[in-house]
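Printed here is final_36.txt (compact mmCIF, C-alpha atoms):
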# COMPACT_ATOMS: atom_id res chain seq x y z
CA MET F 1 7.08 -52.97 41.07
CA ARG F 2 4.97 -53.88 38.03
CA PRO F 3 2.89 -50.91 36.72
CA ASN F 4 -0.87 -51.31 36.82
CA PRO F 5 -1.90 -51.69 33.12
CA ILE F 6 -5.31 -50.02 33.62
CA LEU F 7 -3.75 -47.03 35.35
CA ALA F 8 -1.08 -46.78 32.63
CA THR F 9 -3.75 -46.89 29.88
CA LEU F 10 -5.82 -44.17 31.57
CA LEU F 11 -2.73 -42.04 32.02
CA ALA F 12 -1.80 -42.49 28.33
CA LEU F 13 -5.32 -41.49 27.28
CA CYS F 14 -5.22 -38.38 29.48
CA ILE F 15 -1.89 -37.06 28.17
CA PRO F 16 -3.30 -35.77 24.84
CA LEU F 17 -6.21 -34.17 26.70
CA ALA F 18 -3.82 -32.16 28.84
CA GLY F 19 -2.75 -30.30 25.71
CA CYS F 20 -6.34 -29.40 24.80
CA GLN F 21 -7.55 -25.88 25.36
CA ARG F 22 -10.97 -25.00 26.70
CA HIS F 23 -10.73 -21.23 26.85
CA VAL F 24 -8.92 -18.52 24.94
CA ASP F 25 -6.92 -15.71 26.50
CA GLU F 26 -5.06 -12.83 24.92
CA LYS F 27 -1.66 -14.49 25.21
CA SER F 28 -2.75 -17.75 23.55
CA VAL F 29 -4.58 -15.85 20.78
CA ARG F 30 -1.53 -13.70 20.02
CA ALA F 31 0.64 -16.84 19.93
CA PHE F 32 -1.92 -18.43 17.59
CA VAL F 33 -1.86 -15.45 15.22
CA ASP F 34 1.98 -15.56 15.23
CA LYS F 35 1.74 -19.23 14.26
CA ALA F 36 -0.77 -18.45 11.49
CA ASP F 37 1.50 -15.70 10.14
CA ASP F 38 4.46 -18.08 10.10
CA ALA F 39 2.38 -20.65 8.21
CA ALA F 40 1.44 -17.96 5.66
CA ARG F 41 5.10 -16.92 5.28
CA LYS F 42 6.01 -20.56 4.57
CA ARG F 43 3.11 -20.73 2.06
CA PHE F 44 2.53 -24.30 3.19
CA ALA F 45 -1.16 -25.00 2.52
CA PRO F 46 -1.74 -27.90 4.97
CA GLU F 47 -0.47 -25.78 7.85
CA ILE F 48 -2.47 -22.70 6.74
CA CYS F 49 -5.54 -24.85 6.34
CA GLU F 50 -5.41 -26.69 9.67
CA LEU F 51 -5.65 -23.35 11.48
CA ARG F 52 -9.14 -22.80 10.02
CA GLY F 53 -12.24 -24.30 11.64
CA LYS F 54 -14.39 -26.78 9.73
CA ASN F 55 -17.09 -24.15 9.09
CA PHE F 56 -14.59 -21.38 8.38
CA LYS F 57 -15.78 -18.56 6.11
CA LEU F 58 -13.75 -15.82 4.53
CA HIS F 59 -15.41 -12.72 3.15
CA LEU F 60 -12.99 -10.65 1.11
CA VAL F 61 -13.50 -7.20 -0.35
CA PHE F 62 -10.60 -6.46 -2.68
CA GLN F 63 -9.86 -3.13 -4.31
CA GLY F 64 -7.53 -3.72 -7.25
CA HIS F 65 -4.88 -1.29 -8.46
CA GLU F 66 -7.24 0.10 -11.12
CA HIS F 67 -9.33 2.37 -8.96
CA ARG F 68 -11.80 3.10 -11.78
CA ILE F 69 -12.93 -0.53 -11.39
CA GLY F 70 -14.78 -1.03 -8.13
CA PRO F 71 -13.79 -3.64 -5.54
CA THR F 72 -14.54 -7.32 -6.03
CA GLU F 73 -16.16 -9.40 -3.31
CA VAL F 74 -15.47 -13.06 -2.71
CA GLU F 75 -16.91 -15.45 -0.16
CA MET F 76 -14.99 -18.65 0.46
CA ASP F 77 -15.72 -21.68 2.59
CA ARG F 78 -12.93 -23.77 4.08
CA ALA F 79 -12.62 -26.12 1.07
CA LEU F 80 -12.23 -23.29 -1.40
CA PHE F 81 -9.92 -21.35 0.92
CA CYS F 82 -7.67 -24.41 1.28
CA LYS F 83 -7.57 -24.89 -2.51
CA GLN F 84 -6.50 -21.28 -2.85
CA ALA F 85 -3.87 -21.73 -0.15
CA GLY F 86 -2.47 -24.55 -2.30
CA THR F 87 -1.83 -22.19 -5.20
CA PHE F 88 0.13 -19.95 -2.82
CA SER F 89 3.03 -22.43 -2.79
CA ARG F 90 3.89 -21.49 -6.38
CA LEU F 91 5.18 -18.10 -5.22
CA ARG F 92 8.92 -17.87 -4.85
CA GLN F 93 9.01 -14.33 -3.50
CA TYR F 94 6.69 -13.30 -0.73
CA LYS F 95 6.83 -10.95 2.22
CA LEU F 96 4.22 -10.64 4.96
CA GLU F 97 4.45 -7.90 7.56
CA ARG F 98 1.97 -7.50 10.35
CA LYS F 99 1.56 -3.82 11.19
CA PHE F 100 -1.09 -4.05 13.87
CA ILE F 101 -2.90 -6.51 16.09
CA ASP F 102 -5.65 -6.12 18.65
CA VAL F 103 -7.28 -8.97 20.55
CA ASP F 104 -10.63 -8.71 22.27
CA VAL F 105 -11.56 -11.82 24.25
CA ALA F 106 -15.29 -12.50 24.69
CA PRO F 107 -16.60 -12.49 28.30
CA ASP F 108 -17.25 -16.27 28.14
CA ARG F 109 -13.63 -16.73 26.92
CA LYS F 110 -14.83 -19.13 24.22
CA THR F 111 -14.02 -16.83 21.32
CA ALA F 112 -11.97 -13.72 20.64
CA ARG F 113 -12.15 -11.02 18.02
CA VAL F 114 -8.81 -10.30 16.37
CA SER F 115 -8.17 -7.15 14.33
CA THR F 116 -5.00 -7.17 12.27
CA ASN F 117 -3.36 -5.16 9.55
CA TYR F 118 -0.99 -6.76 7.08
CA VAL F 119 1.13 -5.63 4.17
CA GLU F 120 1.99 -8.35 1.69
CA THR F 121 4.47 -8.02 -1.16
CA LEU F 122 4.31 -10.61 -3.91
CA PRO F 123 4.64 -10.91 -7.69
CA TYR F 124 1.77 -9.61 -9.80
CA TYR F 125 0.81 -11.79 -12.73
CA GLU F 126 -1.43 -10.19 -15.34
CA PRO F 127 -4.89 -11.82 -15.20
CA ASP F 128 -4.84 -12.90 -18.86
CA MET F 129 -1.27 -14.18 -18.87
CA MET F 130 -0.12 -17.70 -18.13
CA PRO F 131 3.32 -17.31 -16.49
CA ALA F 132 5.89 -19.67 -17.98
CA THR F 133 8.02 -19.51 -14.81
CA PRO F 134 7.46 -17.97 -11.34
CA ASP F 135 9.81 -15.19 -12.48
CA ASP F 136 7.62 -14.26 -15.43
CA PHE F 137 6.29 -10.93 -14.10
CA ASP F 138 7.36 -7.30 -14.18
CA LYS F 139 5.53 -5.77 -11.24
CA PHE F 140 5.21 -6.52 -7.57
CA GLN F 141 1.86 -6.04 -5.89
CA ILE F 142 1.65 -4.56 -2.44
CA VAL F 143 -1.55 -5.61 -0.75
CA ASP F 144 -2.68 -3.79 2.36
CA THR F 145 -5.23 -5.86 4.27
CA HIS F 146 -7.35 -5.22 7.30
CA ASP F 147 -8.68 -8.44 8.84
CA GLU F 148 -11.43 -8.83 11.42
CA SER F 149 -11.34 -12.45 12.54
CA VAL F 150 -13.17 -14.51 15.10
CA VAL F 151 -11.12 -17.26 16.69
CA GLY F 152 -12.39 -20.03 18.93
CA ILE F 153 -11.68 -23.53 20.18
CA GLU F 154 -12.28 -26.54 17.97
CA GLY F 155 -11.05 -30.01 18.87
CA GLY F 156 -9.01 -28.53 21.71
CA ASP F 157 -7.09 -26.09 19.51
CA ILE F 158 -7.54 -22.44 18.61
CA VAL F 159 -8.74 -21.96 15.04
CA PHE F 160 -10.05 -19.14 12.87
CA LEU F 161 -13.84 -19.40 12.73
CA SER F 162 -14.35 -16.55 10.28
CA THR F 163 -12.47 -13.67 8.69
CA GLU F 164 -13.70 -10.43 7.14
CA SER F 165 -10.93 -9.01 4.96
CA THR F 166 -10.66 -5.66 3.24
CA SER F 167 -7.70 -5.34 0.90
CA SER F 168 -6.32 -2.73 -1.42
CA GLN F 169 -3.65 -3.36 -4.03
CA GLU F 170 -0.90 -1.18 -5.47
CA LEU F 171 1.64 -2.15 -8.10
CA ILE F 172 5.31 -1.22 -8.16
CA SER F 173 8.06 -1.98 -10.63
CA LYS F 174 9.85 -5.29 -10.16
CA ASN F 175 13.20 -3.50 -10.09
CA SER F 176 12.26 -1.00 -7.42
CA ILE F 177 12.60 -3.48 -4.53
CA LYS F 178 14.68 -6.52 -3.73
CA LEU F 179 12.64 -9.43 -2.45
CA PRO F 180 14.66 -12.56 -1.64
CA TYR F 181 13.72 -15.94 -3.11
CA ASP F 182 12.72 -18.55 -0.54
CA MET D 1 -2.50 -65.56 25.88
CA ARG D 2 0.21 -65.91 23.24
CA ILE D 3 -2.17 -67.79 20.97
CA LEU D 4 -4.45 -64.73 20.85
CA ALA D 5 -1.67 -62.30 19.92
CA GLY D 6 -1.77 -63.09 16.18
CA PRO D 7 -5.58 -62.75 15.73
CA ALA D 8 -5.57 -59.63 17.95
CA MET D 9 -2.92 -58.00 15.77
CA LEU D 10 -4.87 -58.98 12.65
CA LEU D 11 -8.01 -57.45 14.15
CA VAL D 12 -6.13 -54.19 14.87
CA ILE D 13 -4.79 -54.05 11.28
CA VAL D 14 -8.19 -54.82 9.69
CA GLY D 15 -9.93 -52.36 12.05
CA GLY D 16 -7.40 -49.65 11.23
CA PHE D 17 -7.72 -50.26 7.50
CA LEU D 18 -11.53 -50.15 7.62
CA SER D 19 -11.62 -46.99 9.75
CA ILE D 20 -9.17 -45.21 7.40
CA ARG D 21 -11.23 -46.30 4.40
CA TYR D 22 -14.41 -45.12 6.07
CA MET D 23 -12.94 -41.77 7.13
CA THR D 24 -11.36 -40.99 3.77
CA LYS D 25 -14.39 -42.04 1.72
CA ASP D 26 -15.11 -39.59 -1.10
CA ASP D 27 -18.70 -38.36 -0.98
CA GLY D 28 -19.12 -38.73 -4.72
CA PRO D 29 -21.40 -40.91 -6.84
CA PRO D 30 -20.81 -44.67 -6.91
CA ARG D 31 -18.81 -46.20 -9.74
CA LYS D 32 -21.95 -47.81 -11.20
CA PHE D 33 -23.27 -44.26 -11.78
CA THR D 34 -20.12 -42.73 -13.29
CA ASP D 35 -19.55 -45.81 -15.47
CA LEU D 36 -22.85 -45.18 -17.28
CA GLU D 37 -22.76 -43.76 -20.81
CA PHE D 38 -23.16 -39.99 -20.90
CA ALA D 39 -25.85 -38.55 -23.20
CA ASP D 40 -25.61 -41.24 -25.93
CA SER D 41 -22.08 -39.98 -26.55
CA CYS D 42 -20.23 -43.32 -26.45
CA TYR D 43 -18.25 -42.07 -23.42
CA SER D 44 -18.90 -42.90 -19.80
CA LEU D 45 -19.50 -40.02 -17.41
CA SER D 46 -16.19 -40.73 -15.64
CA THR D 47 -14.31 -40.59 -18.97
CA VAL D 48 -15.94 -37.25 -19.77
CA LEU D 49 -15.12 -35.78 -16.37
CA VAL D 50 -11.52 -36.99 -16.38
CA ALA D 51 -10.94 -35.84 -19.98
CA ASN D 52 -12.20 -32.39 -19.04
CA ARG D 53 -9.96 -32.38 -15.98
CA LEU D 54 -12.96 -31.59 -13.85
CA PHE D 55 -11.20 -33.21 -10.92
CA SER D 56 -8.36 -30.69 -10.84
CA ASN D 57 -7.81 -27.04 -9.88
CA ALA D 58 -11.28 -26.07 -8.71
CA SER D 59 -12.73 -27.17 -5.41
CA ARG D 60 -15.37 -29.83 -6.15
CA THR D 61 -18.34 -31.03 -4.17
CA TRP D 62 -20.73 -33.82 -5.02
CA THR D 63 -24.24 -33.83 -3.61
CA SER D 64 -27.23 -36.00 -4.40
CA PRO D 65 -30.44 -33.96 -4.80
CA ARG D 66 -32.57 -37.14 -5.24
CA ASP D 67 -32.24 -40.84 -6.05
CA ASP D 68 -30.15 -41.56 -9.16
CA ALA D 69 -29.12 -37.91 -9.52
CA TRP D 70 -25.82 -36.27 -8.59
CA THR D 71 -24.75 -32.63 -8.67
CA LEU D 72 -21.11 -31.71 -9.17
CA LYS D 73 -20.19 -28.23 -8.03
CA LEU D 74 -16.90 -26.77 -9.22
CA ASP D 75 -15.84 -23.71 -7.31
CA ASP D 76 -12.83 -21.56 -8.04
CA VAL D 77 -11.40 -18.11 -7.51
CA VAL D 78 -9.80 -16.54 -10.58
CA GLN D 79 -7.85 -13.35 -11.00
CA GLY D 80 -10.00 -10.78 -12.75
CA ASN D 81 -9.00 -7.29 -13.82
CA GLY D 82 -10.41 -5.77 -10.66
CA GLY D 83 -9.21 -8.50 -8.27
CA PRO D 84 -10.16 -12.05 -7.31
CA VAL D 85 -13.51 -13.26 -8.61
CA ARG D 86 -15.38 -16.39 -7.62
CA VAL D 87 -16.58 -18.62 -10.44
CA PHE D 88 -18.66 -21.76 -10.10
CA GLN D 89 -20.43 -24.31 -12.24
CA GLU D 90 -23.00 -26.82 -11.06
CA PHE D 91 -23.76 -29.83 -13.23
CA THR D 92 -26.69 -32.08 -12.27
CA PHE D 93 -26.50 -35.53 -13.83
CA GLU D 94 -29.36 -38.02 -13.68
CA LYS D 95 -29.64 -41.69 -14.56
CA TYR D 96 -32.12 -42.69 -17.26
CA ASP D 97 -32.07 -46.46 -17.93
CA ASP D 98 -28.50 -47.25 -18.89
CA GLN D 99 -27.57 -43.63 -19.61
CA VAL D 100 -26.69 -40.62 -17.54
CA ARG D 101 -27.82 -37.19 -18.72
CA LEU D 102 -27.04 -33.60 -17.86
CA VAL D 103 -30.40 -32.34 -16.64
CA ALA D 104 -29.64 -29.00 -14.99
CA MET D 105 -26.95 -26.34 -14.90
CA ASP D 106 -26.21 -23.44 -12.63
CA THR D 107 -23.26 -21.13 -13.02
CA SER D 108 -21.85 -17.85 -11.81
CA LYS D 109 -22.62 -14.79 -13.88
CA GLY D 110 -21.07 -14.78 -17.33
CA LEU D 111 -20.76 -18.54 -17.79
CA GLU D 112 -22.91 -20.49 -20.24
CA ILE D 113 -25.95 -22.07 -18.60
CA ASP D 114 -27.54 -23.73 -21.68
CA ILE D 115 -27.61 -27.51 -21.22
CA THR D 116 -27.02 -28.48 -24.86
CA HIS D 117 -24.10 -26.06 -25.09
CA ASN D 118 -22.56 -27.60 -21.96
CA ILE D 119 -23.07 -31.17 -23.20
CA ASP D 120 -21.33 -30.23 -26.46
CA ALA D 121 -18.53 -28.54 -24.52
CA LEU D 122 -18.07 -31.56 -22.25
CA LEU D 123 -17.82 -33.89 -25.27
CA GLU D 124 -15.32 -31.79 -27.18
CA ILE D 125 -12.18 -33.04 -25.46
CA PRO D 126 -13.02 -36.78 -25.30
CA ASN D 127 -13.86 -36.63 -29.02
CA GLU D 128 -10.67 -34.74 -29.88
CA ARG D 129 -8.53 -37.11 -27.87
CA HIS D 130 -10.41 -40.25 -28.92
CA SER D 131 -10.83 -41.24 -25.29
CA THR D 132 -11.81 -44.83 -24.58
CA PRO D 133 -15.48 -45.35 -25.52
CA VAL D 134 -17.99 -47.56 -23.72
CA ASP D 135 -18.19 -51.20 -24.86
CA ARG D 136 -21.13 -50.73 -27.25
CA CYS D 137 -19.12 -48.18 -29.27
CA LEU D 138 -16.12 -50.45 -29.74
CA GLN D 139 -18.09 -52.26 -32.45
CA PRO D 140 -17.65 -51.07 -36.07
CA GLY D 141 -20.43 -48.71 -37.19
CA ALA D 142 -21.41 -47.75 -33.65
CA LYS D 143 -23.07 -44.36 -33.42
CA GLY D 144 -23.08 -41.77 -30.66
CA TYR D 145 -23.86 -38.08 -30.23
CA HIS D 146 -20.87 -36.21 -31.77
CA PHE D 147 -18.92 -39.48 -31.63
CA VAL D 148 -16.18 -39.89 -34.23
CA PRO D 149 -14.85 -43.47 -34.19
CA LYS D 150 -11.10 -43.91 -34.20
CA ARG D 151 -9.81 -45.13 -37.58
If you took the structure in this file and wrote it as structure tokens, what would it be?
Amino acid sequence: MRPNPILATLLALCIPLAGCQRHVDEKSVRAFVDKADDAARKRFAPEICELRGKNFKLHLVFQGHEHRIGPTEVEMDRALFCKQAGTFSRLRQYKLERKFIDVDVAPDRKTARVSTNYVETLPYYEPDMMPATPDDFDKFQIVDTHDESVVGIEGGDIVFLSTESTSSQELISKNSIKLPYD
Amino acid sequence: MRILAGPAMLLVIVGGFLSIRYMTKDDGPPRKFTDLEFADSCYSLSTVLVANRLFSNASRTWTSPRDDAWTLKLDDVVQGNGGPVRVFQEFTFEKYDDQVRLVAMDTSKGLEIDITHNIDALLEIPNERHSTPVDRCLQPGAKGYHFVPKR
């Protein structure tokens, strides 16, 4: 029997739509955050970036290791965030551990609020120094971050719509821990 | 039917090419704007921007506040002593006859906002490197603001 070409075309057009999401639930949001964490561990900017909505905003309050200097505040839109994600790929040693996650789905199931706590370990390059190689550092920084994010559906996929981050940084000697190269 | 296959394929290729071109179009000023001479300097605006590597590192956005004027915003996050700090510079260029001038500046705190200072700073590298001047300055004895002809 010869397949009906119109029916086949309609079926082909519907297949991608079947993968689209209309609502969020706790399970899909947790899976999405796992995916986002994996993208961050790979430090692959395109993947990190595609998980952010087109109007994504990050508000970061960062307390550096010198506690006598107050925290800095940075607001980034998606374009600037993605540029920053690009510089992430230069790191050769990086560890991301998620310590906590809580998901609160909105009653209309269109968005969810995600609270997470992360500890990142990565090289610390002095602000005024231009590292000659990725190994040109003598301290690791340990950054403890609490994120409050809103996730929602955009183009059929879950994305981060906004993130409020509060981070604090501590420095430790390069020789005090072993962080594998990857 | 077979006779239509070739033109149909051509139509698909041309359509695909045009849609990709349309979708990836940079929202920057047209070439006829960036090819204009910048501030009587003997260098086109595009030469000045490329020489200063204003198209790298920072996130850049072009907007047009009015006809014949374009604003370039460079946005970046740098590592300060206390943590990450956002820095930005906004250059507004406007066309005057066959020239383009820097008419307004906006910057984050701590960066120089004076227009003359920024024009001088923008011209430093093209002059040092003897970048390619605009046609009028290829003639012997041509003069331009801060322009030092190549010997």
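For the atom pair formed by atom CA of D:Ile115 and atom CA of D:Val77, the distance is 23.2 Å, given to one decimal.
A straight line drawn from atom CA of F:Pro127 to atom CA of F:Asp77 is 23.0 Å long.
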Distance criterion (all atoms listed in the file): nearest to chain F out of D:Gly83, D:Pro126, D:Gly110, D:Gly6: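 Closest to chain F of all the choices is D:Gly83.
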Residues near stretch 90-96 of chain F, cut-off 12 Å, only C-alpha atoms, skip fewer than 3 positions along chain, as a ChimeraX atom specification: /F:34,36-45,84-87,99,117-125,131-137,140-145,174,177-182
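Comparing the minimum interatomic distances between D:Ser46 and each of D:Val14, D:Ile113, D:Glu94, D:Pro29, counting all atoms listed in the file, we find that D:Pro29 sits nearest.
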Residue list as JSON, numbers by chain for point (-12.8, -6.7, 10.5), cut-off 10 Å, all atoms listed in the file: {"F": [59, 113, 114, 115, 116, 117, 145, 146, 147, 148, 149, 150, 162, 163, 164, 165, 166]}
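If you count only C-alpha atoms and ignore residues fewer than 4 places along the chain from D:Asp27, what sits within 10 Å of it is Thr61, Trp62, Thr63 and Ser64 of chain D.
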Kindly provide the residues of chain D that approach chain F to within 6 Å, each paired with its closest atom pair and their distance in Å to one decimal, based on all atoms listed in the file, listed by chain and increasing number, as CSV.
residue,atom,partner,partner_atom,distance
D:Ser59,CA,F:Leu80,CA,5.6
D:Gln79,CA,F:Pro127,CA,5.4
D:Gly80,CA,F:Pro127,CA,5.8
D:Gly82,CA,F:Gly64,CA,4.9
D:Gly83,CA,F:Gly64,CA,5.2
D:Arg86,CA,F:Val74,CA,5.9
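Between F:Asp108 and the residues F:Val24, F:Ile158, F:Ile48, F:Val151, the shortest atom-to-atom distance, using all atoms listed in the file, involves F:Val24.
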Distance query D:Pro140 at most 10 Å, only C-alpha atoms, self and fewer than 2 positions along chain excluded, as a PyMOL selection string: chain D and resi 136-138+142-143+149-151
Just write the chosen residues, C-alpha atoms, as a CSV table (one decimal), keeping the file's coordinate frame.
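Full text of again.csv as output:
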chain,number,residue,atom,x,y,z
D,136,ARG,CA,-21.1,-50.7,-27.2
D,137,CYS,CA,-19.1,-48.2,-29.3
D,138,LEU,CA,-16.1,-50.4,-29.7
D,142,ALA,CA,-21.4,-47.8,-33.6
D,143,LYS,CA,-23.1,-44.4,-33.4
D,149,PRO,CA,-14.8,-43.5,-34.2
D,150,LYS,CA,-11.1,-43.9,-34.2
D,151,ARG,CA,-9.8,-45.1,-37.6
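Of note, atom CA of F:Gly152 and atom CA of F:Phe88 are spaced 25.1 Å apart.
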